[in-house]
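Novice: Here you go, one structure.
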Amino acid sequence: MRAYYSDTFVLPLPPDHRFPMAKYALLRERILAEGILSPADLLLPDAASDEQILRAHDADYLERVKNGTLTEREIRRIGFPWSPEMVERSCRSSGATIAACRAALEDGISVNLAGGTHHAFPDHGAGYCVFNDAAVAARAMQAEKRVHRVVILDLDVHQGDGTAAIFAGDTSVFTFSVHGAKNFPFHKQRSSLDIELPDGTGDADYLAIVEEGTRRAIAAAGADMAIYLAGADPYEGDRLGRMSVTITGLAERDRIVFRLCAEAGLPAAVAMAGGYAKNIMDIVTIHAQTVRLAAQR
């Protein structure tokens, strides 16, 4: 299985910044240390081109990001400061999901060791998301005539509001989101299928809902491929998740999604999405088990 990384482009963040950017490099180290993948399986992707990004984002927004002319309000909404590294990494992360989609269509499954930036709208970023990599990749696969229809399976604990907005009214991309009802974003968009969960949802209820919802989404989408956002933030130890799902439960979630995609004959590109546990190594463990299970599919 091929996996794509962009952690070499590190954002210059203040030391007390709460977004755990270090998880990406630690994840790559863990995957190699545990022999989940070999160094030859880990590839640095090309950056997404302007043409590719513009299929999901407005030209004015892309220009402001690349030229460093975002307003202070826009930068606060994204959640970390502008820098050339931020631009490069955001483009590389979208490029990684594009590359993972191409590889999945050839091999059945592939992984972006970052990505899942589902809060990015056509005209603005938000919630640590600059460009919406799943949207950029879905549009790229359609433009390259590799697929006609895509299903985005978003199991990050936060609703994929940017993704829903980008594909509103577009029946060629089915957006499915399982998320906390009372969690960020507080103003939700309408996905093709939304399932909202109460705070404190644990393994049994969560897994039953994920299985039922994923079955419904795959059946309704009629898709040629899936993009799976395997967020680590439903974890009971996550600072922002407000759920009670265990690490074991999240592994079972991944098994369910991979099994249902395989049964439907859907190639799957996987992105890591969110994770904000107090112990960063818990996030790494959750993401690493997602990659391990993907490699075993």
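Going by the structure tokens order, chains are called A, B, ..., each with residues numbered from 1, while ligands are numbered from 1 in the order shown.
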Mind checking DSSP for region 105-259 of chain A and telling me the strand (DSSP E or B) residues as number ranges by chain?
Specialist: A: 109-112, 126, 129, 150-154, 173-180, 193-197, 202, 225-229, 235, 238, 244-245
Novice: Would you kindly return, as a list in words, each protein, DNA or RNA residue with an atom no farther than 6 Å from any atom of region 98-111 of chain A, considering only C-alpha atoms and excluding same-chain residues fewer than 4 positions away?
Specialist: Met1, Arg2, Ala3, Ala137, Pro267, Ala268, Ala269 and Val270 of chain A
Novice: List as a Markdown table every residue of region 227-280 of chain A that is in contact with region 203-210 of chain A, defined as an atom at most 8 Å from one of its atoms (using only C-alpha atoms), together with the nearest atom pair and the distance in Å rounded to one decimal, sorted by chain and then rising number.
Specialist:
| residue | atom | partner | partner_atom | distance |
| --- | --- | --- | --- | --- |
| A:Ser244 | CA | A:Asp203 | CA | 7.1 |
| A:Val245 | CA | A:Asp203 | CA | 5.0 |
| A:Thr246 | CA | A:Asp203 | CA | 6.6 |
| A:Gly249 | CA | A:Asp203 | CA | 5.4 |
| A:Glu252 | CA | A:Leu207 | CA | 7.6 |
| A:Arg253 | CA | A:Leu207 | CA | 6.1 |
| A:Ile256 | CA | A:Val210 | CA | 8.0 |
Novice: Could you name the residues that touch Lys188 (chain A) at 9 Å or less, counting only C-alpha atoms, but leaving out those on the same chain fewer than 6 positions away, as a ChimeraX atom specification?
Specialist: /A:159-161
Novice: Can you list, as an mmCIF file with N, CA and C atoms, in the first residue's frame, every residue of region 56-240 of chain A that DSSP puts in helix (DSSP H, G or I)?
Specialist:
data_model
loop_
_atom_site.group_PDB
_atom_site.id
_atom_site.type_symbol
_atom_site.label_atom_id
_atom_site.label_comp_id
_atom_site.auth_asym_id
_atom_site.auth_seq_id
_atom_site.Cartn_x
_atom_site.Cartn_y
_atom_site.Cartn_z
ATOM 1 N N ALA A 59 -11.045 31.805 -6.671
ATOM 2 C CA ALA A 59 -9.761 32.338 -7.124
ATOM 3 C C ALA A 59 -9.246 33.424 -6.189
ATOM 4 N N ASP A 60 -10.125 34.276 -5.700
ATOM 5 C CA ASP A 60 -9.707 35.360 -4.815
ATOM 6 C C ASP A 60 -9.152 34.815 -3.508
ATOM 7 N N TYR A 61 -9.787 33.783 -2.980
ATOM 8 C CA TYR A 61 -9.290 33.167 -1.740
ATOM 9 C C TYR A 61 -7.922 32.520 -1.963
ATOM 10 N N LEU A 62 -7.776 31.758 -3.030
ATOM 11 C CA LEU A 62 -6.482 31.139 -3.324
ATOM 12 C C LEU A 62 -5.395 32.197 -3.444
ATOM 13 N N GLU A 63 -5.691 33.291 -4.126
ATOM 14 C CA GLU A 63 -4.696 34.348 -4.293
ATOM 15 C C GLU A 63 -4.289 34.941 -2.946
ATOM 16 N N ARG A 64 -5.256 35.173 -2.067
ATOM 17 C CA ARG A 64 -4.943 35.755 -0.752
ATOM 18 C C ARG A 64 -4.112 34.799 0.090
ATOM 19 N N VAL A 65 -4.396 33.521 -0.004
ATOM 20 C CA VAL A 65 -3.591 32.543 0.730
ATOM 21 C C VAL A 65 -2.163 32.540 0.207
ATOM 22 N N LYS A 66 -1.983 32.446 -1.088
ATOM 23 C CA LYS A 66 -0.646 32.307 -1.657
ATOM 24 C C LYS A 66 0.187 33.579 -1.503
ATOM 25 N N ASN A 67 -0.480 34.745 -1.556
ATOM 26 C CA ASN A 67 0.237 36.015 -1.467
ATOM 27 C C ASN A 67 0.378 36.537 -0.048
ATOM 28 N N GLU A 72 -6.621 39.664 9.145
ATOM 29 C CA GLU A 72 -6.409 39.125 10.490
ATOM 30 C C GLU A 72 -7.575 38.236 10.909
ATOM 31 N N ARG A 73 -8.771 38.642 10.535
ATOM 32 C CA ARG A 73 -9.944 37.837 10.875
ATOM 33 C C ARG A 73 -9.884 36.480 10.185
ATOM 34 N N GLU A 74 -9.482 36.456 8.929
ATOM 35 C CA GLU A 74 -9.376 35.193 8.201
ATOM 36 C C GLU A 74 -8.314 34.288 8.822
ATOM 37 N N ILE A 75 -7.214 34.872 9.245
ATOM 38 C CA ILE A 75 -6.145 34.086 9.866
ATOM 39 C C ILE A 75 -6.601 33.526 11.205
ATOM 40 N N ARG A 76 -7.314 34.339 11.994
ATOM 41 C CA ARG A 76 -7.848 33.836 13.268
ATOM 42 C C ARG A 76 -8.822 32.694 13.031
ATOM 43 N N ARG A 77 -9.611 32.789 11.982
ATOM 44 C CA ARG A 77 -10.587 31.749 11.679
ATOM 45 C C ARG A 77 -9.894 30.439 11.309
ATOM 46 N N ILE A 78 -8.796 30.524 10.585
ATOM 47 C CA ILE A 78 -8.022 29.326 10.260
ATOM 48 C C ILE A 78 -7.389 28.745 11.517
ATOM 49 N N PRO A 84 4.954 31.127 4.521
ATOM 50 C CA PRO A 84 5.176 30.370 3.282
ATOM 51 C C PRO A 84 5.069 28.866 3.508
ATOM 52 N N GLU A 85 5.502 28.407 4.698
ATOM 53 C CA GLU A 85 5.396 26.986 5.014
ATOM 54 C C GLU A 85 3.938 26.539 5.081
ATOM 55 N N MET A 86 3.078 27.414 5.602
ATOM 56 C CA MET A 86 1.653 27.086 5.673
ATOM 57 C C MET A 86 1.083 26.876 4.271
ATOM 58 N N VAL A 87 1.467 27.741 3.345
ATOM 59 C CA VAL A 87 0.975 27.618 1.973
ATOM 60 C C VAL A 87 1.478 26.317 1.352
ATOM 61 N N GLU A 88 2.777 26.069 1.476
ATOM 62 C CA GLU A 88 3.365 24.873 0.868
ATOM 63 C C GLU A 88 2.755 23.607 1.455
ATOM 64 N N ARG A 89 2.622 23.573 2.768
ATOM 65 C CA ARG A 89 2.095 22.369 3.397
ATOM 66 C C ARG A 89 0.634 22.140 3.022
ATOM 67 N N SER A 90 -0.141 23.211 2.947
ATOM 68 C CA SER A 90 -1.553 23.073 2.581
ATOM 69 C C SER A 90 -1.696 22.542 1.160
ATOM 70 N N CYS A 91 -0.865 23.021 0.258
ATOM 71 C CA CYS A 91 -0.898 22.525 -1.115
ATOM 72 C C CYS A 91 -0.418 21.077 -1.185
ATOM 73 N N ARG A 92 0.614 20.738 -0.420
ATOM 74 C CA ARG A 92 1.127 19.366 -0.412
ATOM 75 C C ARG A 92 0.109 18.401 0.187
ATOM 76 N N SER A 93 -0.595 18.836 1.240
ATOM 77 C CA SER A 93 -1.583 17.964 1.875
ATOM 78 C C SER A 93 -2.722 17.648 0.909
ATOM 79 N N SER A 94 -3.179 18.653 0.165
ATOM 80 C CA SER A 94 -4.191 18.383 -0.863
ATOM 81 C C SER A 94 -3.618 17.493 -1.964
ATOM 82 N N GLY A 95 -2.368 17.738 -2.327
ATOM 83 C CA GLY A 95 -1.715 16.877 -3.310
ATOM 84 C C GLY A 95 -1.603 15.444 -2.837
ATOM 85 N N ALA A 96 -1.423 15.262 -1.526
ATOM 86 C CA ALA A 96 -1.325 13.908 -0.976
ATOM 87 C C ALA A 96 -2.636 13.154 -1.096
ATOM 88 N N THR A 97 -3.752 13.842 -0.906
ATOM 89 C CA THR A 97 -5.038 13.156 -1.054
ATOM 90 C C THR A 97 -5.332 12.865 -2.522
ATOM 91 N N ILE A 98 -4.931 13.768 -3.415
ATOM 92 C CA ILE A 98 -5.046 13.474 -4.845
ATOM 93 C C ILE A 98 -4.240 12.213 -5.183
ATOM 94 N N ALA A 99 -2.997 12.170 -4.717
ATOM 95 C CA ALA A 99 -2.139 11.018 -4.996
ATOM 96 C C ALA A 99 -2.710 9.745 -4.384
ATOM 97 N N ALA A 100 -3.261 9.856 -3.168
ATOM 98 C CA ALA A 100 -3.856 8.687 -2.517
ATOM 99 C C ALA A 100 -5.067 8.186 -3.297
ATOM 100 N N CYS A 101 -5.850 9.096 -3.859
ATOM 101 C CA CYS A 101 -6.989 8.678 -4.681
ATOM 102 C C CYS A 101 -6.515 7.926 -5.921
ATOM 103 N N ARG A 102 -5.514 8.448 -6.587
ATOM 104 C CA ARG A 102 -5.005 7.756 -7.779
ATOM 105 C C ARG A 102 -4.482 6.370 -7.414
ATOM 106 N N ALA A 103 -3.739 6.291 -6.312
ATOM 107 C CA ALA A 103 -3.189 4.997 -5.891
ATOM 108 C C ALA A 103 -4.296 4.030 -5.485
ATOM 109 N N ALA A 104 -5.329 4.539 -4.798
ATOM 110 C CA ALA A 104 -6.437 3.681 -4.384
ATOM 111 C C ALA A 104 -7.166 3.096 -5.590
ATOM 112 N N LEU A 105 -7.311 3.889 -6.632
ATOM 113 C CA LEU A 105 -7.982 3.395 -7.826
ATOM 114 C C LEU A 105 -7.177 2.285 -8.507
ATOM 115 N N GLU A 106 -5.865 2.285 -8.289
ATOM 116 C CA GLU A 106 -5.022 1.224 -8.849
ATOM 117 C C GLU A 106 -4.895 0.034 -7.905
ATOM 118 N N ASP A 107 -4.767 0.309 -6.604
ATOM 119 C CA ASP A 107 -4.423 -0.727 -5.623
ATOM 120 C C ASP A 107 -5.572 -1.116 -4.704
ATOM 121 N N ASP A 133 -8.895 19.272 1.235
ATOM 122 C CA ASP A 133 -8.187 18.278 0.431
ATOM 123 C C ASP A 133 -9.114 17.224 -0.166
ATOM 124 N N ALA A 134 -10.143 16.802 0.573
ATOM 125 C CA ALA A 134 -11.066 15.798 0.033
ATOM 126 C C ALA A 134 -11.830 16.350 -1.153
ATOM 127 N N ALA A 135 -12.255 17.610 -1.061
ATOM 128 C CA ALA A 135 -12.975 18.232 -2.174
ATOM 129 C C ALA A 135 -12.065 18.424 -3.378
ATOM 130 N N VAL A 136 -10.846 18.908 -3.136
ATOM 131 C CA VAL A 136 -9.888 19.097 -4.229
ATOM 132 C C VAL A 136 -9.611 17.763 -4.921
ATOM 133 N N ALA A 137 -9.433 16.706 -4.121
ATOM 134 C CA ALA A 137 -9.119 15.395 -4.695
ATOM 135 C C ALA A 137 -10.307 14.809 -5.444
ATOM 136 N N ALA A 138 -11.511 14.939 -4.885
ATOM 137 C CA ALA A 138 -12.692 14.415 -5.573
ATOM 138 C C ALA A 138 -12.863 15.090 -6.933
ATOM 139 N N ARG A 139 -12.696 16.409 -6.958
ATOM 140 C CA ARG A 139 -12.806 17.140 -8.217
ATOM 141 C C ARG A 139 -11.697 16.736 -9.195
ATOM 142 N N ALA A 140 -10.503 16.489 -8.669
ATOM 143 C CA ALA A 140 -9.396 16.079 -9.542
ATOM 144 C C ALA A 140 -9.687 14.736 -10.196
ATOM 145 N N MET A 141 -10.218 13.785 -9.412
ATOM 146 C CA MET A 141 -10.524 12.464 -9.973
ATOM 147 C C MET A 141 -11.607 12.569 -11.044
ATOM 148 N N GLN A 142 -12.580 13.451 -10.826
ATOM 149 C CA GLN A 142 -13.613 13.645 -11.839
ATOM 150 C C GLN A 142 -13.045 14.329 -13.080
ATOM 151 N N ALA A 143 -12.218 15.342 -12.888
ATOM 152 C CA ALA A 143 -11.640 16.070 -14.026
ATOM 153 C C ALA A 143 -10.732 15.172 -14.858
ATOM 154 N N ASP A 161 -18.329 20.643 7.528
ATOM 155 C CA ASP A 161 -19.187 21.726 7.045
ATOM 156 C C ASP A 161 -18.687 22.324 5.731
ATOM 157 N N GLY A 162 -17.374 22.492 5.604
ATOM 158 C CA GLY A 162 -16.827 23.025 4.362
ATOM 159 C C GLY A 162 -17.076 22.098 3.196
ATOM 160 N N THR A 163 -16.915 20.799 3.426
ATOM 161 C CA THR A 163 -17.161 19.821 2.372
ATOM 162 C C THR A 163 -18.618 19.856 1.934
ATOM 163 N N ALA A 164 -19.531 19.904 2.918
ATOM 164 C CA ALA A 164 -20.958 19.964 2.592
ATOM 165 C C ALA A 164 -21.282 21.205 1.768
ATOM 166 N N ALA A 165 -20.667 22.339 2.126
ATOM 167 C CA ALA A 165 -20.935 23.585 1.401
ATOM 168 C C ALA A 165 -20.396 23.526 -0.021
ATOM 169 N N ILE A 166 -19.207 22.971 -0.207
ATOM 170 C CA ILE A 166 -18.605 22.906 -1.540
ATOM 171 C C ILE A 166 -19.464 22.072 -2.485
ATOM 172 N N ASP A 203 -18.639 3.324 22.714
ATOM 173 C CA ASP A 203 -18.322 2.390 21.639
ATOM 174 C C ASP A 203 -19.547 1.741 20.999
ATOM 175 N N ALA A 204 -20.418 1.141 21.813
ATOM 176 C CA ALA A 204 -21.508 0.337 21.258
ATOM 177 C C ALA A 204 -22.422 1.178 20.377
ATOM 178 N N ASP A 205 -22.894 2.301 20.909
ATOM 179 C CA ASP A 205 -23.792 3.156 20.124
ATOM 180 C C ASP A 205 -23.083 3.743 18.915
ATOM 181 N N TYR A 206 -21.846 4.175 19.120
ATOM 182 C CA TYR A 206 -21.089 4.793 18.029
ATOM 183 C C TYR A 206 -20.892 3.821 16.878
ATOM 184 N N LEU A 207 -20.471 2.608 17.180
ATOM 185 C CA LEU A 207 -20.177 1.643 16.129
ATOM 186 C C LEU A 207 -21.443 1.217 15.390
ATOM 187 N N ALA A 208 -22.547 1.080 16.105
ATOM 188 C CA ALA A 208 -23.797 0.727 15.446
ATOM 189 C C ALA A 208 -24.231 1.823 14.480
ATOM 190 N N ILE A 209 -24.079 3.078 14.896
ATOM 191 C CA ILE A 209 -24.456 4.209 14.042
ATOM 192 C C ILE A 209 -23.529 4.319 12.844
ATOM 193 N N VAL A 210 -22.221 4.143 13.077
ATOM 194 C CA VAL A 210 -21.264 4.199 11.962
ATOM 195 C C VAL A 210 -21.587 3.128 10.927
ATOM 196 N N GLU A 211 -21.861 1.908 11.378
ATOM 197 C CA GLU A 211 -22.143 0.832 10.409
ATOM 198 C C GLU A 211 -23.422 1.118 9.628
ATOM 199 N N GLU A 212 -24.479 1.471 10.344
ATOM 200 C CA GLU A 212 -25.738 1.748 9.654
ATOM 201 C C GLU A 212 -25.596 2.934 8.695
ATOM 202 N N GLY A 213 -24.966 4.015 9.163
ATOM 203 C CA GLY A 213 -24.834 5.205 8.334
ATOM 204 C C GLY A 213 -23.946 4.980 7.130
ATOM 205 N N THR A 214 -22.850 4.267 7.314
ATOM 206 C CA THR A 214 -21.950 4.004 6.191
ATOM 207 C C THR A 214 -22.632 3.136 5.142
ATOM 208 N N ARG A 215 -23.388 2.149 5.595
ATOM 209 C CA ARG A 215 -24.155 1.325 4.654
ATOM 210 C C ARG A 215 -25.120 2.194 3.842
ATOM 211 N N ARG A 216 -25.829 3.086 4.542
ATOM 212 C CA ARG A 216 -26.792 3.953 3.866
ATOM 213 C C ARG A 216 -26.095 4.873 2.868
ATOM 214 N N ALA A 217 -24.961 5.444 3.283
ATOM 215 C CA ALA A 217 -24.244 6.377 2.415
ATOM 216 C C ALA A 217 -23.732 5.682 1.161
ATOM 217 N N ILE A 218 -23.137 4.517 1.319
ATOM 218 C CA ILE A 218 -22.596 3.795 0.170
ATOM 219 C C ILE A 218 -23.725 3.398 -0.780
ATOM 220 N N ALA A 219 -24.834 2.942 -0.213
ATOM 221 C CA ALA A 219 -25.954 2.520 -1.050
ATOM 222 C C ALA A 219 -26.545 3.697 -1.823
ATOM 223 N N ALA A 220 -26.662 4.846 -1.155
ATOM 224 C CA ALA A 220 -27.283 6.014 -1.794
ATOM 225 C C ALA A 220 -26.354 6.696 -2.781
ATOM 226 N N ALA A 221 -25.034 6.608 -2.555
ATOM 227 C CA ALA A 221 -24.078 7.383 -3.349
ATOM 228 C C ALA A 221 -23.900 6.856 -4.765
#
